[in-house]
Structure formats: structure tokens, C-alpha cells
$ cat structure_15.cif   # mmCIF, C-alpha atoms
data_model
#
loop_
_atom_site.label_atom_id
_atom_site.label_comp_id
_atom_site.auth_asym_id
_atom_site.auth_seq_id
_atom_site.Cartn_x
_atom_site.Cartn_y
_atom_site.Cartn_z
CA MET P 148 -36.60 48.01 13.67
CA ASP P 149 -40.02 48.33 15.27
CA LEU P 150 -41.07 51.99 15.44
CA THR P 151 -44.50 51.33 16.94
CA GLY P 152 -45.17 53.72 19.81
CA LYS P 153 -42.29 56.03 18.89
CA VAL P 154 -42.85 59.74 18.21
CA ALA P 155 -41.44 61.79 15.34
CA VAL P 156 -41.58 65.51 14.66
CA VAL P 157 -41.31 66.57 11.02
CA THR P 158 -40.90 70.22 10.04
CA GLY P 159 -42.03 71.51 6.67
CA ALA P 160 -44.59 68.70 6.76
CA SER P 161 -47.43 70.35 4.86
CA GLN P 162 -46.19 69.36 1.40
CA GLY P 163 -43.44 67.80 -0.68
CA ILE P 164 -40.61 65.94 1.02
CA GLY P 165 -41.89 66.78 4.53
CA ALA P 166 -45.35 65.35 3.87
CA SER P 167 -43.75 62.24 2.36
CA ILE P 168 -41.49 61.79 5.38
CA GLY P 169 -44.49 62.18 7.67
CA ARG P 170 -46.39 59.51 5.74
CA VAL P 171 -43.46 57.05 5.76
CA LEU P 172 -42.85 57.44 9.48
CA HIS P 173 -46.58 57.10 10.21
CA ASP P 174 -46.81 53.99 8.03
CA ALA P 175 -43.84 52.56 9.97
CA GLY P 176 -45.90 52.83 13.17
CA MET P 177 -44.78 56.16 14.61
CA ALA P 178 -46.97 58.92 15.94
CA VAL P 179 -46.07 62.04 13.97
CA ALA P 180 -46.22 65.71 14.87
CA LEU P 181 -46.50 67.55 11.59
CA LEU P 182 -45.13 71.10 11.77
CA ALA P 183 -45.49 73.79 9.11
CA ARG P 184 -46.96 77.22 8.53
CA SER P 185 -49.88 76.06 6.35
CA GLU P 186 -52.67 75.03 8.71
CA ASP P 187 -55.03 73.88 5.94
CA LYS P 188 -52.49 71.54 4.34
CA LEU P 189 -51.41 70.20 7.74
CA ALA P 190 -55.01 69.52 8.73
CA ALA P 191 -55.62 67.65 5.46
CA LEU P 192 -52.53 65.48 5.92
CA ALA P 193 -53.37 64.77 9.56
CA ALA P 194 -56.92 63.78 8.55
CA GLU P 195 -55.45 61.42 5.95
CA LEU P 196 -53.12 59.81 8.50
CA GLY P 197 -55.52 59.57 11.44
CA ASP P 198 -55.23 59.62 15.23
CA ARG P 199 -51.44 59.23 15.43
CA ALA P 200 -50.91 62.48 13.50
CA LEU P 201 -50.83 65.87 15.21
CA PRO P 202 -50.90 68.97 12.99
CA VAL P 203 -49.13 71.92 14.63
CA ARG P 204 -48.81 75.32 13.02
CA CYS P 205 -45.21 76.46 13.41
CA ASP P 206 -42.91 79.01 11.81
CA VAL P 207 -39.50 77.41 12.43
CA GLY P 208 -37.77 80.76 11.93
CA ASP P 209 -39.55 82.18 14.98
CA PRO P 210 -38.23 80.81 18.30
CA ASP P 211 -41.48 81.63 20.13
CA SER P 212 -43.47 79.69 17.54
CA VAL P 213 -41.07 76.74 17.90
CA ARG P 214 -41.32 76.78 21.71
CA ALA P 215 -45.12 76.78 21.49
CA ALA P 216 -45.14 73.95 18.94
CA PHE P 217 -42.87 71.73 21.02
CA ALA P 218 -44.92 72.48 24.13
CA THR P 219 -47.94 71.15 22.21
CA VAL P 220 -45.97 68.07 21.12
CA GLY P 221 -44.83 67.48 24.71
CA GLU P 222 -48.37 67.81 26.05
CA ARG P 223 -49.74 65.34 23.51
CA PHE P 224 -46.96 62.73 23.39
CA GLY P 225 -44.67 63.42 26.36
CA ARG P 226 -41.57 62.49 24.37
CA VAL P 227 -39.84 62.71 21.00
CA ASP P 228 -37.82 59.87 19.48
CA ALA P 229 -36.94 61.57 16.20
CA LEU P 230 -36.85 65.11 14.84
CA VAL P 231 -36.61 65.67 11.09
CA ASN P 232 -35.59 69.26 10.33
CA ASN P 233 -36.93 69.38 6.80
CA ALA P 234 -38.46 72.87 6.50
CA GLY P 235 -36.59 74.90 3.93
CA ALA P 236 -36.74 78.05 1.86
CA ILE P 237 -34.81 78.55 -1.36
CA GLY P 238 -35.67 82.07 -2.60
CA MET P 239 -33.27 82.31 -5.53
CA SER P 240 -31.65 85.72 -5.93
CA LEU P 241 -28.31 87.29 -6.69
CA LEU P 242 -26.91 88.56 -3.42
CA ALA P 243 -26.53 92.08 -4.85
CA ASP P 244 -30.28 92.11 -5.57
CA ALA P 245 -31.44 90.50 -2.33
CA ASP P 246 -33.08 92.78 0.21
CA ASP P 247 -32.61 92.35 3.95
CA GLU P 248 -35.94 90.58 4.42
CA HIS P 249 -35.09 88.00 1.75
CA VAL P 250 -31.72 87.15 3.31
CA GLN P 251 -33.11 87.09 6.85
CA SER P 252 -36.02 84.84 5.89
CA ILE P 253 -33.78 82.25 4.19
CA VAL P 254 -31.34 82.23 7.15
CA ALA P 255 -34.23 82.02 9.64
CA VAL P 256 -35.84 78.98 8.04
CA ASN P 257 -32.79 77.05 6.83
CA LEU P 258 -30.29 77.63 9.62
CA LEU P 259 -31.94 79.12 12.69
CA GLY P 260 -35.03 76.88 12.30
CA PRO P 261 -33.09 73.64 12.82
CA MET P 262 -31.28 75.25 15.75
CA TRP P 263 -34.53 76.38 17.42
CA CYS P 264 -36.23 73.02 16.75
CA SER P 265 -33.26 70.94 17.92
CA ARG P 266 -32.97 72.99 21.09
CA ALA P 267 -36.69 72.55 21.80
CA ALA P 268 -36.57 68.82 21.04
CA ILE P 269 -33.59 67.95 23.26
CA PRO P 270 -35.55 67.72 26.54
CA LEU P 271 -38.19 65.53 24.85
CA LEU P 272 -35.48 63.35 23.29
CA ASP P 273 -33.91 63.03 26.75
CA THR P 274 -37.27 61.90 28.13
CA ALA P 275 -37.32 59.18 25.46
CA GLY P 276 -33.84 58.06 26.51
CA GLY P 277 -32.19 59.34 23.34
CA GLY P 278 -33.14 59.42 19.71
CA ASP P 279 -32.34 61.02 16.40
CA ILE P 280 -32.18 64.47 14.84
CA VAL P 281 -32.03 64.44 11.05
CA ASN P 282 -31.19 67.68 9.24
CA ILE P 283 -32.02 67.92 5.54
CA SER P 284 -29.31 69.69 3.54
CA SER P 285 -28.76 70.19 -0.18
CA ARG P 286 -26.31 69.53 -2.98
CA ALA P 287 -26.19 73.30 -3.37
CA VAL P 288 -23.46 73.22 -0.70
CA GLU P 289 -21.16 71.58 -3.25
CA LEU P 290 -22.29 73.52 -6.31
CA ALA P 291 -21.23 77.12 -6.81
CA ARG P 292 -24.28 78.42 -8.68
CA PRO P 293 -25.45 81.98 -9.18
CA TYR P 294 -28.73 82.86 -7.43
CA LEU P 295 -28.05 80.33 -4.65
CA SER P 296 -25.41 82.06 -2.53
CA VAL P 297 -27.66 82.69 0.48
CA TYR P 298 -29.38 79.31 0.25
CA ALA P 299 -26.10 77.39 -0.15
CA ALA P 300 -24.51 79.29 2.74
CA THR P 301 -27.38 78.35 5.05
CA LYS P 302 -27.15 74.68 4.06
CA GLY P 303 -23.37 74.74 4.53
CA GLY P 304 -23.92 76.19 7.98
CA LEU P 305 -26.52 73.50 8.65
CA GLU P 306 -23.99 70.80 7.80
CA THR P 307 -21.45 72.29 10.23
CA PHE P 308 -24.16 72.63 12.88
CA THR P 309 -25.08 68.97 12.33
CA ARG P 310 -21.52 67.72 12.87
CA THR P 311 -20.93 69.79 15.97
CA LEU P 312 -24.34 69.05 17.48
CA ALA P 313 -23.70 65.33 16.95
CA ALA P 314 -20.56 65.61 19.09
CA GLU P 315 -22.39 67.71 21.67
CA LEU P 316 -25.32 65.30 22.07
CA ARG P 317 -23.53 61.95 21.68
CA PRO P 318 -23.16 61.53 25.49
CA GLN P 319 -26.95 61.84 25.83
CA GLY P 320 -27.62 59.08 23.30
CA ILE P 321 -28.97 61.53 20.73
CA ARG P 322 -27.69 60.90 17.22
CA VAL P 323 -27.54 63.82 14.78
CA SER P 324 -27.17 63.33 11.05
#
$ encode --input "structure_15.cif" --output "C-alpha cells"
Amino acid sequence: MDLTGKVAVVTGASQGIGASIGRVLHDAGMAVALLARSEDKLAALAAELGDRALPVRCDVGDPDSVRAAFATVGERFGRVDALVNNAGAIGMSLLADADDEHVQSIVAVNLLGPMWCSRAAIPLLDTAGGGDIVNISSRAVELARPYLSVYAATKGGLETFTRTLAAELRPQGIRVS
């Protein structure tokens, strides 16, 4: 499949899996919008990749930040062919010890973030005539482990969101996995 001229958005792209996904998609010929909170790391990755890379500071847990980021992506590229919802936060803690801010931050990044980003990407995916949304989950959904209750719950919710969004967007030619 020739991906030349296609546009991908990758969240959590400043390091780790997100940076690797950004590199692979770029090397396959795609323009890549790299979204994350760390401006310095994003700028370094974009400089490494070159002109087809757009670093965009974005906190996926904040819907205003997501709207602004996708407005920037739309202005630069005019379309999106693929969205990879990779940003994640683990924050291990027993639920009894977790304060409100801890729980809210994990839910915001891992569950609300993909919702905000998918919602913002849909018009740009429509402009492209369809495309793909890929949500990164975790084996923690299947493993009942102490210290991971909040994290696993968000990833379980993400998997349910993925299945239902796939059914919702299928008529528009947008695949969700």
C-alpha cells in the first residue's frame, strides 16, 4: 500500500511507542502530525524527520487543547488519513490510596483523550474520504493486577469505545481498531 501523500496524527509522539510509530509512518511516506505535551522532544523528533513532520503541543486530556491541535493539523494538511491514539498514562496506585487528581488524570489521558481526538479527527477523516483510527490498549485489561485498577479500567473502556465507534463510523468509510 502506497502511503505517499497521506497524513497521520500520532498522539503521545514525543517518546517511546508514539515516537516509533511516527517514524515508521513517516518512513512509509506519510506526513505526520506529532502530538504530545513535551514541546522540546516533539521539536527534536520533527527536526529528525524533516518537512513532512509537524510538531504540535497537545494535552489530549484537555478538549480545548485537542481542538486547537486539530485546527493546526487541518490548517497545515487539510485532511487526516489516520489517527493513532497512543498517548497514555499508567500511574500505578492502589485505588484506596489514589487521590482525585491521580484518577482524573489517568481517565483524562487514557479514555477521554481518544474520545476528544477521535471527535476532532472525524471531519478531517471525512475530508480525506475515510481512513483509520487506531486506539492503543493494553494487556492490563485481561490481567487483574493490584496497582492497575484505574489504568486497566480506562483501557477496558477504550476497547469498548473502539468497538462502538467502529460501528458508528463504518458508514463513513472510517475504520476503527
$ axis_aligned_box --input "structure_15.cif" --around "segment 262-276 of chain P" --padding-each-side "3 Å" --output "JSON"
{"center_x": -34.7, "center_y": 67.2, "center_z": 21.9, "size_x": 12.9, "size_y": 24.3, "size_z": 18.4}
$ residues_near_point --input "structure_15.cif" --point "(-50.1, 58.3, 14.3)" --cutoff "9 Å" --atoms "only C-alpha atoms" --output "MDAnalysis selection string"
chainID P and resid 152 154 172:174 176:180 193 196:201
$ resolve_selection --input "structure_15.cif" --expression "the PyMOL selection byres ((chain P and resi 307-324) around 10)" --output "PDB file with C-alpha atoms, in the coordinates of the input"
ATOM      1  CA  ASP P 228     -37.820  59.870  19.480  1.00  0.00           C
ATOM      2  CA  ALA P 229     -36.940  61.570  16.200  1.00  0.00           C
ATOM      3  CA  LEU P 230     -36.850  65.110  14.840  1.00  0.00           C
ATOM      4  CA  VAL P 231     -36.610  65.670  11.090  1.00  0.00           C
ATOM      5  CA  LEU P 258     -30.290  77.630   9.620  1.00  0.00           C
ATOM      6  CA  PRO P 261     -33.090  73.640  12.820  1.00  0.00           C
ATOM      7  CA  MET P 262     -31.280  75.250  15.750  1.00  0.00           C
ATOM      8  CA  SER P 265     -33.260  70.940  17.920  1.00  0.00           C
ATOM      9  CA  ILE P 269     -33.590  67.950  23.260  1.00  0.00           C
ATOM     10  CA  LEU P 272     -35.480  63.350  23.290  1.00  0.00           C
ATOM     11  CA  ASP P 273     -33.910  63.030  26.750  1.00  0.00           C
ATOM     12  CA  ALA P 275     -37.320  59.180  25.460  1.00  0.00           C
ATOM     13  CA  GLY P 276     -33.840  58.060  26.510  1.00  0.00           C
ATOM     14  CA  GLY P 277     -32.190  59.340  23.340  1.00  0.00           C
ATOM     15  CA  GLY P 278     -33.140  59.420  19.710  1.00  0.00           C
ATOM     16  CA  ASP P 279     -32.340  61.020  16.400  1.00  0.00           C
ATOM     17  CA  ILE P 280     -32.180  64.470  14.840  1.00  0.00           C
ATOM     18  CA  VAL P 281     -32.030  64.440  11.050  1.00  0.00           C
ATOM     19  CA  ASN P 282     -31.190  67.680   9.240  1.00  0.00           C
ATOM     20  CA  ILE P 283     -32.020  67.920   5.540  1.00  0.00           C
ATOM     21  CA  SER P 284     -29.310  69.690   3.540  1.00  0.00           C
ATOM     22  CA  THR P 301     -27.380  78.350   5.050  1.00  0.00           C
ATOM     23  CA  LYS P 302     -27.150  74.680   4.060  1.00  0.00           C
ATOM     24  CA  GLY P 303     -23.370  74.740   4.530  1.00  0.00           C
ATOM     25  CA  GLY P 304     -23.920  76.190   7.980  1.00  0.00           C
ATOM     26  CA  LEU P 305     -26.520  73.500   8.650  1.00  0.00           C
ATOM     27  CA  GLU P 306     -23.990  70.800   7.800  1.00  0.00           C
TER      28      GLU P 306
END
$ resolve_selection --input "structure_15.cif" --expression "the PyMOL selection byres ((chain P and resi 212) around 12)" --output "list of chain:residue names"
P:Leu182, P:Ala183, P:Arg184, P:Val203, P:Arg204, P:Cys205, P:Asp206, P:Val207, P:Gly208, P:Asp209, P:Pro210, P:Asp211, P:Val213, P:Arg214, P:Ala215, P:Ala216, P:Phe217, P:Ala218, P:Thr219, P:Gly260, P:Trp263, P:Cys264, P:Ala267
$ closest_residue --input "structure_15.cif" --among "P:Leu189, P:Val220, P:Leu271, P:Ala299" --to "Gly238 of chain P" --atoms "all atoms listed in the file"
P:Ala299
$ atom_distance --input "structure_15.cif" --atom1 "atom CA of Gly163 of chain P" --atom2 "atom CA of Val297 of chain P"
21.7 Å
$ closest_residue --input "structure_15.cif" --among "P:Ser185, P:Ala190, P:Asp149, P:Thr158" --to "Asn232 of chain P" --atoms "all atoms listed in the file"
P:Thr158
$ atom_distance --input "structure_15.cif" --atom1 "atom CA of Gln251 of chain P" --atom2 "atom CA of Leu295 of chain P"
14.3 Å
$ atom_distance --input "structure_15.cif" --atom1 "atom CA of Arg223 of chain P" --atom2 "atom CA of Pro202 of chain P"
11.2 Å
$ closest_residue --input "structure_15.cif" --among "P:Ala191, P:Arg266, P:Leu241, P:Met148" --to "Gln162 of chain P" --atoms "only C-alpha atoms"
P:Ala191
$ closest_residue --input "structure_15.cif" --among "P:Ala160, P:Ala155, P:Leu242, P:Ile168" --to "Glu186 of chain P" --atoms "all atoms listed in the file"
P:Ala160
$ closest_residue --input "structure_15.cif" --among "P:Gly235, P:Gly221, P:Leu150, P:Asp247" --to "Gly165 of chain P" --atoms "only C-alpha atoms"
P:Gly235
$ resolve_selection --input "structure_15.cif" --expression "the PyMOL selection byres ((chain P and resi 294) around 7)" --output "list in words"
Met239, Ser240, Leu241, Arg292, Pro293, Leu295 and Ser296 of chain P
$ build_atoms --input "structure_15.cif" --residues "segment 193-212 of chain P" --atoms "N, CA and C atoms" --output "short mmCIF file (atom, residue, chain, number, x, y, z; two decimals), keeping the file's coordinate frame"
data_model
loop_
_atom_site.label_atom_id
_atom_site.label_comp_id
_atom_site.auth_asym_id
_atom_site.auth_seq_id
_atom_site.Cartn_x
_atom_site.Cartn_y
_atom_site.Cartn_z
N ALA P 193 -53.05 65.43 8.29
CA ALA P 193 -53.37 64.77 9.56
C ALA P 193 -54.67 63.97 9.45
N ALA P 194 -55.66 64.51 8.75
CA ALA P 194 -56.92 63.78 8.55
C ALA P 194 -56.69 62.51 7.74
N GLU P 195 -55.81 62.59 6.76
CA GLU P 195 -55.45 61.42 5.95
C GLU P 195 -54.77 60.35 6.81
N LEU P 196 -53.90 60.76 7.72
CA LEU P 196 -53.12 59.81 8.50
C LEU P 196 -53.88 59.26 9.71
N GLY P 197 -54.74 60.07 10.32
CA GLY P 197 -55.52 59.57 11.44
C GLY P 197 -55.02 60.00 12.80
N ASP P 198 -55.42 59.24 13.83
CA ASP P 198 -55.23 59.62 15.23
C ASP P 198 -53.78 59.79 15.66
N ARG P 199 -52.84 59.12 15.03
CA ARG P 199 -51.44 59.23 15.43
C ARG P 199 -50.75 60.43 14.80
N ALA P 200 -51.49 61.29 14.12
CA ALA P 200 -50.91 62.48 13.50
C ALA P 200 -51.42 63.73 14.21
N LEU P 201 -50.50 64.62 14.52
CA LEU P 201 -50.83 65.87 15.21
C LEU P 201 -50.36 67.04 14.34
N PRO P 202 -51.30 67.80 13.76
CA PRO P 202 -50.90 68.97 12.99
C PRO P 202 -50.64 70.15 13.93
N VAL P 203 -49.48 70.80 13.77
CA VAL P 203 -49.13 71.92 14.63
C VAL P 203 -48.60 73.06 13.75
N ARG P 204 -49.30 74.17 13.77
CA ARG P 204 -48.81 75.32 13.02
C ARG P 204 -47.53 75.83 13.68
N CYS P 205 -46.49 76.02 12.86
CA CYS P 205 -45.21 76.46 13.41
C CYS P 205 -44.40 77.16 12.32
N ASP P 206 -43.88 78.32 12.66
CA ASP P 206 -42.91 79.01 11.81
C ASP P 206 -41.55 78.73 12.44
N VAL P 207 -40.76 77.85 11.81
CA VAL P 207 -39.50 77.41 12.43
C VAL P 207 -38.49 78.54 12.57
N GLY P 208 -38.67 79.62 11.83
CA GLY P 208 -37.77 80.76 11.93
C GLY P 208 -38.06 81.66 13.11
N ASP P 209 -39.13 81.38 13.83
CA ASP P 209 -39.55 82.18 14.98
C ASP P 209 -39.41 81.33 16.25
N PRO P 210 -38.45 81.66 17.12
CA PRO P 210 -38.23 80.81 18.30
C PRO P 210 -39.44 80.69 19.21
N ASP P 211 -40.27 81.73 19.30
CA ASP P 211 -41.48 81.63 20.13
C ASP P 211 -42.46 80.63 19.53
N SER P 212 -42.59 80.64 18.21
CA SER P 212 -43.47 79.69 17.54
C SER P 212 -42.97 78.26 17.75
#
